[in-house]
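Content type PDB, C-alpha atoms, from the file model_0.pdb:
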```
ATOM      1  CA  MET A   1       0.000   0.000   0.000
ATOM      2  CA  ALA A   2       2.934   2.373   0.698
ATOM      3  CA  ILE A   3       4.319   1.886  -2.811
ATOM      4  CA  VAL A   4       0.869   2.488  -4.316
ATOM      5  CA  GLY A   5       0.524   5.721  -2.323
ATOM      6  CA  ILE A   6       3.923   6.981  -3.539
ATOM      7  CA  ALA A   7       3.144   6.119  -7.165
ATOM      8  CA  LEU A   8      -0.268   7.816  -7.066
ATOM      9  CA  GLY A   9       1.196  10.912  -5.399
ATOM     10  CA  ILE A  10       3.912  11.260  -8.050
ATOM     11  CA  SER A  11       1.402  10.730 -10.870
ATOM     12  CA  ALA A  12      -0.959  13.361  -9.382
ATOM     13  CA  ARG A  13       1.823  15.985  -9.100
ATOM     14  CA  ARG A  14       2.866  15.337 -12.688
ATOM     15  CA  GLN A  15      -0.684  15.875 -13.956
ATOM     16  CA  ILE A  16      -1.150  19.019 -11.843
ATOM     17  CA  ARG A  17       2.035  20.578 -13.250
ATOM     18  CA  LYS A  18       1.025  19.728 -16.822
ATOM     19  CA  SER A  19      -2.389  21.362 -16.356
ATOM     20  CA  GLU A  20      -0.757  24.820 -16.011
ATOM     21  CA  GLY A  21      -2.994  25.837 -13.129
ATOM     22  CA  TRP A  22      -6.217  24.120 -14.154
ATOM     23  CA  LEU A  23      -5.805  21.385 -11.556
ATOM     24  CA  VAL A  24      -5.150  21.943  -7.854
ATOM     25  CA  GLY A  25      -4.158  19.683  -4.967
ATOM     26  CA  GLU A  26      -0.406  19.542  -5.314
ATOM     27  CA  GLY A  27      -0.096  19.766  -1.528
ATOM     28  CA  ILE A  28      -2.316  16.742  -1.061
ATOM     29  CA  ALA A  29      -0.287  14.803  -3.624
ATOM     30  CA  ARG A  30       2.928  15.754  -1.845
ATOM     31  CA  ALA A  31       1.479  14.638   1.464
ATOM     32  CA  GLY A  32       0.527  11.292  -0.079
ATOM     33  CA  ILE A  33       4.083  10.779  -1.281
ATOM     34  CA  ILE A  34       5.475  11.603   2.165
ATOM     35  CA  VAL A  35       3.049   9.293   3.990
ATOM     36  CA  GLY A  36       3.714   6.464   1.543
ATOM     37  CA  ALA A  37       7.465   6.858   1.944
ATOM     38  CA  ALA A  38       7.128   6.862   5.718
ATOM     39  CA  LEU A  39       5.051   3.661   5.696
ATOM     40  CA  LEU A  40       7.514   1.988   3.346
ATOM     41  CA  ALA A  41      10.398   2.905   5.656
ATOM     42  CA  LEU A  42       8.555   1.580   8.715
ATOM     43  CA  GLY A  43       7.842  -1.683   6.907
ATOM     44  CA  ILE A  44      11.496  -2.136   5.996
ATOM     45  CA  VAL A  45      12.635  -1.383   9.552
ATOM     46  CA  GLY A  46      10.048  -3.755  11.050
ATOM     47  CA  THR A  47      11.061  -6.584   8.720
ATOM     48  CA  ALA A  48      14.713  -6.070   9.611
ATOM     49  CA  ILE A  49      13.928  -6.215  13.349
ATOM     50  CA  VAL A  50      11.962  -9.462  12.981
ATOM     51  CA  LEU A  51      14.738 -11.107  10.962
ATOM     52  CA  ALA A  52      17.376  -9.960  13.444
ATOM     53  CA  THR A  53      15.392 -11.306  16.395
ATOM     54  CA  HIS A  54      14.887 -14.696  14.758
ATOM     55  CA  HIS A  55      18.556 -14.913  13.798
ATOM     56  CA  SER A  56      19.702 -14.125  17.327
ATOM     57  CA  SER A  57      17.393 -16.755  18.857
ATOM     58  CA  CYS A  58      18.866 -19.442  16.586
ATOM     59  CA  ASP A  59      22.548 -18.615  17.191
ATOM     60  CA  HIS A  60      22.803 -21.883  19.152
ATOM     61  CA  PRO A  61      21.593 -25.004  17.247
ATOM     62  CA  ALA A  62      20.316 -26.538  20.479
ATOM     63  CA  ASN A  63      17.770 -23.718  20.900
ATOM     64  CA  CYS A  64      16.350 -24.171  17.390
ATOM     65  CA  SER A  65      16.225 -27.962  17.686
ATOM     66  CA  ASN A  66      14.434 -27.746  21.048
ATOM     67  CA  SER A  67      11.899 -25.326  19.575
ATOM     68  CA  ALA A  68      11.222 -27.572  16.568
ATOM     69  CA  GLN A  69      10.839 -30.694  18.714
ATOM     70  CA  GLY A  70       8.752 -29.086  21.455
ATOM     71  CA  ALA A  71       5.581 -30.845  20.315
ATOM     72  CA  GLN A  72       7.250 -34.273  20.702
ATOM     73  CA  THR A  73       8.716 -33.856  24.194
ATOM     74  CA  THR A  74       7.361 -36.004  27.001
ATOM     75  CA  THR A  75       7.268 -35.433  30.697
ATOM     76  CA  PRO A  76       9.611 -37.447  32.939
ATOM     77  CA  GLY A  77       8.358 -40.990  33.528
ATOM     78  CA  GLU A  78       5.928 -40.893  30.593
ATOM     79  CA  ARG A  79       6.252 -43.703  28.050
ATOM     80  CA  ARG A  80       5.684 -43.111  24.363
ATOM     81  CA  ASN A  81       4.466 -45.444  21.678
ATOM     82  CA  PRO A  82       5.506 -44.492  18.122
ATOM     83  CA  GLN A  83       2.144 -45.621  16.760
ATOM     84  CA  ASN A  84      -0.407 -44.700  19.397
ATOM     85  CA  GLY A  85       1.195 -41.794  21.290
ATOM     86  CA  THR A  86       1.640 -41.733  25.050
ATOM     87  CA  ALA A  87       0.282 -44.341  27.421
ATOM     88  CA  SER A  88      -1.982 -41.775  29.032
ATOM     89  CA  SER A  89      -3.426 -40.762  25.630
ATOM     90  CA  ARG A  90      -4.116 -44.408  24.805
ATOM     91  CA  SER A  91      -5.885 -44.888  28.143
ATOM     92  CA  ALA A  92      -7.988 -41.760  27.575
ATOM     93  CA  SER A  93      -8.894 -43.008  24.091
ATOM     94  CA  ARG A  94     -10.123 -46.314  25.518
ATOM     95  CA  SER A  95     -12.200 -44.443  28.081
ATOM     96  CA  ARG A  96     -13.835 -42.322  25.385
ATOM     97  CA  SER A  97     -14.508 -45.406  23.243
ATOM     98  CA  ALA A  98     -16.182 -47.184  26.140
ATOM     99  CA  THR A  99     -18.323 -44.142  26.864
ATOM    100  CA  ASP A 100     -19.339 -43.480  23.248
ATOM    101  CA  SER A 101     -19.746 -47.090  22.081
ATOM    102  CA  PRO A 102     -23.077 -47.916  20.383
ATOM    103  CA  GLY A 103     -25.658 -49.240  22.759
ATOM    104  CA  SER A 104     -24.230 -47.593  25.855
ATOM    105  CA  THR A 105     -26.713 -45.616  27.876
ATOM    106  CA  THR A 106     -26.430 -43.009  30.539
ATOM    107  CA  PRO A 107     -28.616 -42.910  33.650
ATOM    108  CA  GLY A 108     -32.016 -41.483  32.812
ATOM    109  CA  SER A 109     -31.553 -41.799  29.050
ATOM    110  CA  ALA A 110     -33.772 -44.871  28.613
ATOM    111  CA  SER A 111     -37.135 -43.991  27.146
ATOM    112  CA  ASN A 112     -40.135 -44.995  29.210
ATOM    113  CA  THR A 113     -43.015 -46.396  27.205
ATOM    114  CA  THR A 114     -46.400 -46.106  28.834
ATOM    115  CA  ALA A 115     -49.111 -48.609  28.001
ATOM    116  CA  PRO A 116     -52.378 -47.071  26.810
ATOM    117  CA  ASN A 117     -55.067 -46.662  29.421
ATOM    118  CA  PRO A 118     -57.684 -49.410  29.166
ATOM    119  CA  SER A 119     -61.212 -48.507  28.114
ATOM    120  CA  VAL A 120     -64.254 -49.538  30.155
ATOM    121  CA  ILE A 121     -66.612 -51.270  27.692
ATOM    122  CA  SER A 122     -70.218 -51.849  28.696
ATOM    123  CA  MET A 123     -72.259 -54.661  27.086
ATOM    124  CA  SER A 124     -75.935 -55.184  27.851
ATOM    125  CA  VAL A 125     -79.061 -57.109  26.827
ATOM    126  CA  SER A 126     -82.649 -55.995  27.462
ATOM    127  CA  GLY A 127     -86.054 -57.132  26.283
ATOM    128  CA  THR A 128     -89.108 -59.279  26.995
ATOM    129  CA  GLY A 129     -88.811 -62.119  29.484
ATOM    130  CA  PRO A 130     -85.628 -63.959  30.357
ATOM    131  CA  ALA A 131     -83.007 -64.882  27.804
ATOM    132  CA  SER A 132     -82.473 -68.552  27.192
ATOM    133  CA  SER A 133     -78.758 -67.886  26.510
ATOM    134  CA  ILE A 134     -76.310 -65.019  26.415
ATOM    135  CA  ALA A 135     -72.767 -65.441  25.069
ATOM    136  CA  VAL A 136     -70.136 -62.810  25.893
ATOM    137  CA  LEU A 137     -66.809 -62.496  24.040
ATOM    138  CA  ASP A 138     -64.186 -60.330  25.750
ATOM    139  CA  GLY A 139     -60.432 -60.247  26.180
ATOM    140  CA  SER A 140     -60.373 -63.489  28.191
ATOM    141  CA  GLY A 141     -62.435 -65.522  25.715
ATOM    142  CA  GLU A 142     -66.112 -66.451  25.296
ATOM    143  CA  THR A 143     -68.471 -67.128  28.195
ATOM    144  CA  GLU A 144     -72.044 -68.439  27.840
ATOM    145  CA  HIS A 145     -74.847 -67.948  30.363
ATOM    146  CA  THR A 146     -78.250 -69.656  30.318
ATOM    147  CA  ASN A 147     -81.663 -68.650  31.697
ATOM    148  CA  VAL A 148     -80.577 -65.069  32.317
ATOM    149  CA  GLN A 149     -83.000 -62.549  33.727
ATOM    150  CA  LEU A 150     -83.208 -59.308  31.755
ATOM    151  CA  PRO A 151     -81.933 -56.683  31.756
ATOM    152  CA  TYR A 152     -78.348 -57.995  31.800
ATOM    153  CA  SER A 153     -75.100 -55.965  31.686
ATOM    154  CA  ILE A 154     -71.387 -56.527  32.066
ATOM    155  CA  ASN A 155     -68.365 -54.194  32.018
ATOM    156  CA  VAL A 156     -64.904 -55.179  30.766
ATOM    157  CA  ARG A 157     -61.635 -53.232  30.693
ATOM    158  CA  LEU A 158     -59.579 -53.637  27.524
ATOM    159  CA  ALA A 159     -56.680 -51.752  25.905
ATOM    160  CA  GLY A 160     -55.000 -51.892  22.520
ATOM    161  CA  ASN A 161     -56.587 -54.014  19.796
ATOM    162  CA  TYR A 162     -59.562 -56.163  20.744
ATOM    163  CA  ARG A 163     -62.871 -57.687  19.626
ATOM    164  CA  VAL A 164     -65.922 -57.820  21.888
ATOM    165  CA  ALA A 165     -69.334 -59.335  21.157
ATOM    166  CA  ILE A 166     -72.544 -60.310  22.875
ATOM    167  CA  ASP A 167     -75.182 -62.728  21.516
ATOM    168  CA  ALA A 168     -78.578 -63.309  23.104
ATOM    169  CA  GLN A 169     -81.733 -65.326  22.420
ATOM    170  CA  SER A 170     -85.059 -64.740  24.095
ATOM    171  CA  GLU A 171     -86.814 -67.621  25.821
ATOM    172  CA  SER A 172     -90.248 -66.350  24.813
ATOM    173  CA  GLY A 173     -91.996 -67.757  21.756
ATOM    174  CA  ALA A 174     -94.597 -64.986  21.563
ATOM    175  CA  ALA A 175     -94.839 -63.012  18.360
ATOM    176  CA  SER A 176     -94.443 -59.744  20.223
ATOM    177  CA  THR A 177     -91.175 -60.755  21.890
ATOM    178  CA  SER A 178     -88.399 -58.183  21.527
ATOM    179  CA  ILE A 179     -84.719 -58.392  22.566
ATOM    180  CA  THR A 180     -81.993 -55.751  22.234
ATOM    181  CA  CYS A 181     -78.206 -55.867  22.637
ATOM    182  CA  ALA A 182     -75.907 -52.897  23.046
ATOM    183  CA  ILE A 183     -72.137 -52.243  23.311
ATOM    184  CA  ASP A 184     -70.946 -48.880  24.616
ATOM    185  CA  VAL A 185     -67.265 -48.023  23.932
ATOM    186  CA  PRO A 186     -65.940 -44.621  25.141
ATOM    187  CA  GLY A 187     -65.308 -42.301  22.243
ATOM    188  CA  ARG A 188     -67.366 -44.334  19.760
ATOM    189  CA  ALA A 189     -71.005 -44.436  18.746
ATOM    190  CA  LEU A 190     -73.259 -46.837  20.633
ATOM    191  CA  VAL A 191     -73.616 -50.189  18.851
ATOM    192  CA  THR A 192     -77.122 -51.623  19.266
ATOM    193  CA  HIS A 193     -79.372 -54.123  17.513
ATOM    194  CA  THR A 194     -82.967 -55.266  18.140
ATOM    195  CA  ALA A 195     -84.790 -58.421  17.039
ATOM    196  CA  THR A 196     -88.507 -59.230  17.386
ATOM    197  CA  GLY A 197     -90.694 -62.312  16.961
ATOM    198  CA  PRO A 198     -90.757 -65.783  18.498
ATOM    199  CA  TYR A 199     -87.452 -66.725  20.118
ATOM    200  CA  PRO A 200     -85.572 -63.798  18.580
ATOM    201  CA  VAL A 201     -81.737 -63.796  18.362
ATOM    202  CA  VAL A 202     -79.649 -60.639  18.422
ATOM    203  CA  THR A 203     -75.905 -60.011  18.016
ATOM    204  CA  CYS A 204     -73.700 -56.976  18.694
ATOM    205  CA  ASN A 205     -69.898 -56.799  18.168
ATOM    206  CA  VAL A 206     -67.114 -54.218  18.072
ATOM    207  CA  ASN A 207     -63.687 -54.644  16.493
ATOM    208  CA  ARG A 208     -60.779 -52.384  17.353
ATOM    209  CA  GLY A 209     -57.491 -53.099  15.643
ATOM    210  CA  ALA A 210     -55.589 -53.171  12.365
TER     211      ALA A 210
END
```

Go ahead and render the structure in this file as C-alpha cells.
Amino acid sequence: MAIVGIALGISARRQIRKSEGWLVGEGIARAGIIVGAALLALGIVGTAIVLATHHSSCDHPANCSNSAQGAQTTTPGERRNPQNGTASSRSASRSRSATDSPGSTTPGSASNTTAPNPSVISMSVSGTGPASSIAVLDGSGETEHTNVQLPYSINVRLAGNYRVAIDAQSESGAASTSITCAIDVPGRALVTHTATGPYPVVTCNVNRGA
C-alpha cells in the first residue's frame, strides 16, 4: 500500500504541473508521497527487526532444535508409543470409546413407554322375558350364560386391539317378543341391535385393531 501511495502521489503531481494551473491539490499529492514513503520505511525497519530477532534466537543449534521438537517432548516418567502416542493418551482413548460405544446408555436416558389406558366397555341385553342364553366375548375368551333374567349388563376393561361381542336369544316364543343388545365403547357411537318375533336372536360386536 505504501508503494501504491507513492506512485499515485507522483502521478498526481505530474498531472497538476502539466495542467498549467487548471488542476489543484499539489499539496495533497505531496502529502501522499510523504506518507507512503514513511510507511515503506517503517515496513522495511520492522522486517529487519523481525529477521534480526529470529537470527539471534537461533545462534545456538540446540535452541532451534528444542523449539522444533517441542511438540514431541514427554514429561519425565511418561512412556511413548511411536504408533499410538503416550500411554496416558491411549488410556484416555479407551475411556472415550467405552463411553461413546453404540448401545451404551447413561442414567435417565432410557425412554419410558407407557401402556395405553384401558377402556371400560359396557355390554348389555334388554327385552321381553328372560333370555335362554347369552354369550359374551371379551379379552379373556367367550363365556355363555343360560336362563338369564333381563336386563343384563357386564363391564370389561380392555386396551390396545380387541374384539368384543354379545349374543342373546329370548326364551319367549310370543310373536311380540323383543330383545336388544348394546355395546358402549368410550369415544365411539353406541352399537345396538334389536330383534322381534318368536325366540328372537340378536348379536352386537365391536372390532378395534388393524

Closest of A:Cys204, A:Leu158, A:Leu150, A:Ala12 to Glu171 of chain A - atom-to-atom distances counting all atoms listed in the file: A:Leu150

For a quick check of understanding, using all atoms listed in the file, which of A:Ser133, A:Thr128, A:Asn207, A:Gln149 has the smallest distance to Ile179 of chain A? A:Thr128

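For the residues A:Ala168, A:Ala175, A:Ser124, A:Ala41, ranking by smallest atom-to-atom distance to Tyr152 of chain A using all atoms listed in the file places A:Ser124 first.
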
Write out as a ChimeraX atom specification which residues come within 10 Å of Thr192 of chain A when counting all atoms listed in the file, dropping same-chain ones fewer than 5 positions away. /A:123-125,180-184,202-205

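Among A:Gly46, A:Pro118, A:Pro151, A:Gly173, the residue with the shortest atom-to-atom distance to Pro130 of chain A, counting all atoms listed in the file, is A:Pro151.
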
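Of the listed residues A:Gly160, A:Gly9, A:Leu39, A:Val148, the one whose atoms come nearest to Gly25 of chain A is A:Gly9, with distances taken using all atoms listed in the file.
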
Reference answer for the PyMOL selection byres ((chain A and resi 145) around 8), as JSON, numbers by chain: {"A": [133, 134, 135, 143, 144, 146, 147, 148]}

Contacts of Arg14 of chain A within 12 Å, only C-alpha atoms, excl. fewer than 3 positions in-chain, as a list of chain:residue names: A:Ala7, A:Leu8, A:Gly9, A:Ile10, A:Ser11, A:Arg17, A:Lys18, A:Ser19, A:Glu20, A:Leu23, A:Val24, A:Gly25, A:Glu26, A:Ala29, A:Arg30

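Distance-wise, atom CA of Val120 of chain A and atom CA of Pro200 of chain A end up 28.1 Å apart.
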
Neighbouring residues of Gly197 of chain A were defined as those with any atom within 7 Å, considering only C-alpha atoms; residues of the same chain fewer than 2 positions away were excluded. Please report them as a PyMOL selection string. chain A and resi 174-178+199-200

Limited to C-alpha atoms, could you put the picked residues into a file as a JSON list (two decimals), in the frame of the given file?
```
[["chain", "number", "residue", "atom", "x", "y", "z"],
["A", 174, "ALA", "CA", -94.60, -64.99, 21.56],
["A", 175, "ALA", "CA", -94.84, -63.01, 18.36],
["A", 176, "SER", "CA", -94.44, -59.74, 20.22],
["A", 177, "THR", "CA", -91.18, -60.76, 21.89],
["A", 178, "SER", "CA", -88.40, -58.18, 21.53],
["A", 199, "TYR", "CA", -87.45, -66.72, 20.12],
["A", 200, "PRO", "CA", -85.57, -63.80, 18.58]]
```

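Shortest separation to Pro198 of chain A among A:Asn161, A:Pro186, A:Ser172, A:Ile49 occurs at residue A:Ser172, atoms counted being only C-alpha atoms.
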
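The two atoms in question, atom CA of Arg163 of chain A and atom CA of Arg208 of chain A, are spaced 6.1 Å apart.
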
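The spacing separating atom CA of Tyr162 of chain A from atom CA of Arg188 of chain A amounts to 14.2 Å.
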
Please provide as a PyMOL selection string all residues within 7 Å of Asp138 of chain A, with the sequence filter that same-chain residues fewer than 4 positions apart are discarded (counting all atoms listed in the file). chain A and resi 142+163-165

Padding of 8 Å on every side, edges along x, y and z, all listed atoms of segment 177-189 of chain A included: what centre and edge lengths in Å, to one decimal, does that box have, as AutoDock Vina command-line options?
```
--center_x -78.2 --center_y -51.5 --center_z 21.9 --size_x 41.9 --size_y 34.5 --size_z 22.4
```

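The environment of Gly187 of chain A within 12 Å, counting all atoms listed in the file and disregarding residues fewer than 4 places along the same chain, consists of Ser119, Val120, Ile121 and Val191 of chain A.
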